[in-house]
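For reference, the structure discussed in these notes is given below.
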Amino acid sequence: MKKYKIRLLPLLAGLLLYLGACQHDPVMPSVPDPDPSNCDTNTVTYELSVKPILENNCFSCHNSGNTSGGIDLTDYTKLTSLAANGALLGSISHFNGFSPMPQGGNKLSDCDIAKIDKWIRINDFQPVDPEPGCHPDTVYFQNEILPLLISTCGVIGCHDPGTAQDGVVLTDYFSVVNTAGVRPGNPEDSDLYEVLTEDDPDKRMPPVPNAPLSQDKIAKIRKWIEQGALNNSCEETSCDTLQVSFSSHILPAIQLHCFGCHSGNNPGAGILLTNHSEIAEAAGNGTLFAAIDWQNGYSPMPKNGNKLSDCTITQFKKWIENGTPNN
């Protein structure tokens, strides 16, 4: 893979906080260091320190009823994702390559910026509880993008933590936004998207002889970046375990979570999972369910990924109990 470049380019006019490297990125400029006698940054909390600043300067344009740039800063989950990927601090600090905020207003005081910076630095912003129900127009990182990246790219020998080819790791949110050149809101200037759409097969990822990602998968990654490259997730409120079918439930789950390792000329552990016959064989001998159920004595699958949802595991169990039909 080509060496990923760290670039900070302007975002389309009108978007609030997009574009930027993660706040952990070493090339991000430093924020002001205010006089401690006039600015208390020792006891910073969201409710008492950060929220009042946002209420006075940002919420009027970026709330649930007026989402300028498509951004609702009153939604804590979305706010923390923008804090984690560097867009929040970049915009309020007026760093090069970020749309300066508040738009049309004065820059925040050094003290206010320092408080927000402190709040970001003392939090790791791990994914919060999943949203109840999955909105069809939203792309969810934990549900859709991360499994896809792990299966196709974050494998041993490529972009898992142990190999980290070209310094790129694609097995968790912060590694993806830090090392894969993701520019929230701007897929065209995101290295992750660029290498997936390369016309030159020598530069395209996944590299030959691996097949390129399908257009629908590339479109999903693009849409996730356009929507702000958030560290979001959702949880279906209903689970169909009565009408489980291979084509509607089992194969899509295998394609999303397993194809990257268990397809091609050199499948993981010599196990192919590309069609009904191969998947039914692995299900019939008990290894498939034991692996996805993370049972003792079996290598937990997906490798390097999160355990499948209880609903998906139950659907596999029902399908196997029904005789692994090709329905």
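So you can find residues: chains in the structure tokens are A, B, ... in the order shown, residues in each start at 1, and ligands are numbered from 1 in order.
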Enumerate, as an NGL selection string, the complete set of residues in range 67-265 of chain A that a backbone-based DSSP assignment places in alpha helix (DSSP H). :A and (76-84 or 87-92 or 110-121 or 146-152 or 173-179 or 191-196 or 215-226 or 251-257)
Find the residues around Glu236 in chain A up to 7 Å (only C-alpha atoms counted), leave out those fewer than 3 positions away in its own chain, and share them as a list in words. Pro132, Gly133 and Cys134 of chain A
Selected residues written out, C-alpha atoms, as a CSV table (one decimal), in the first residue's frame:
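Writing done, so here's out-v2.csv:
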```
chain,number,residue,atom,x,y,z
A,132,PRO,CA,-32.0,1.6,19.4
A,133,GLY,CA,-32.9,0.7,15.9
A,134,CYS,CA,-30.8,1.1,12.7
```
Residue set, range 92-295 of chain A restricted to strand (DSSP E), as a list in words: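 Result set for range 92-295 of chain A (strand (DSSP E)): Glu131, Pro132, Cys234 and Glu235 of chain A.
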Residues at most 7 Å from Leu272 in chain A, counting only C-alpha atoms, excluding those fewer than 3 positions away in the same chain, as a CSV table (one decimal) with N, CA and C atoms, in the first residue's frame?
```csv
chain,number,residue,atom,x,y,z
A,262,HIS,N,-11.6,-15.9,4.3
A,262,HIS,CA,-12.0,-17.3,3.9
A,262,HIS,C,-12.5,-17.3,2.4
A,263,SER,N,-11.7,-16.7,1.6
A,263,SER,CA,-12.0,-16.7,0.1
A,263,SER,C,-10.6,-16.6,-0.6
A,267,PRO,N,-7.1,-19.2,1.6
A,267,PRO,CA,-8.0,-18.9,2.7
A,267,PRO,C,-7.5,-19.2,4.1
A,278,GLU,N,-19.8,-24.8,0.8
A,278,GLU,CA,-18.6,-24.6,1.7
A,278,GLU,C,-19.1,-24.2,3.1
```
Excluding same-chain residues fewer than 3 positions from Arg222 in chain A, what lies within 7 Å of it counting only C-alpha atoms, as an mmCIF file with C-alpha atoms, in the first residue's frame?
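See out_12.cif below for the written result:
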```
data_model
loop_
_atom_site.group_PDB
_atom_site.id
_atom_site.type_symbol
_atom_site.label_atom_id
_atom_site.label_comp_id
_atom_site.auth_asym_id
_atom_site.auth_seq_id
_atom_site.Cartn_x
_atom_site.Cartn_y
_atom_site.Cartn_z
ATOM 1 C CA PRO A 187 -14.150 11.119 0.844
ATOM 2 C CA TYR A 193 -11.378 5.971 -0.095
ATOM 3 C CA ILE A 218 -17.138 1.259 -1.687
ATOM 4 C CA ALA A 219 -20.283 3.405 -1.769
ATOM 5 C CA ILE A 225 -17.089 9.430 5.445
ATOM 6 C CA GLU A 226 -19.618 11.913 4.025
#
```
For Glu321 in chain A, the nearest of the candidates A:Pro130, A:Pro147, A:Pro184, A:Gly284, counting only C-alpha atoms: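 Among the listed residues, A:Gly284 lies closest to Glu321 in chain A.
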Just want the 8 Å neighbourhood of Asn326 in chain A, counted on only C-alpha atoms, with same-chain residues fewer than 6 positions away dropped. Output as a tab-separated table (two decimals) with N, CA and C atoms, in the first residue's frame.
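Listing of selection.tsv after writing:
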```
chain	number	residue	atom	x	y	z
A	245	SER	N	-33.19	-17.55	6.53
A	245	SER	CA	-32.83	-18.15	5.24
A	245	SER	C	-31.34	-17.94	4.97
A	246	PHE	N	-30.79	-18.79	4.14
A	246	PHE	CA	-29.38	-18.68	3.78
A	246	PHE	C	-29.13	-17.39	3.01
A	247	SER	N	-29.98	-17.08	2.04
A	247	SER	CA	-29.75	-15.93	1.17
A	247	SER	C	-29.96	-14.60	1.87
A	276	HIS	N	-22.81	-21.79	-0.67
A	276	HIS	CA	-23.62	-22.57	0.25
A	276	HIS	C	-22.96	-23.89	0.62
```
Of the listed residues A:Asn63, A:Thr179, A:Ser68, A:Ser30, that which approaches Ile113 in chain A most closely, counting only C-alpha atoms: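 Among the listed residues, the smallest separation from Ile113 in chain A belongs to A:Ser30.
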I need the residue nearest Asn106 in chain A from this list: A:Lys220, A:His94, A:His249, A:His257. Use only C-alpha atoms for the distance. A:His94
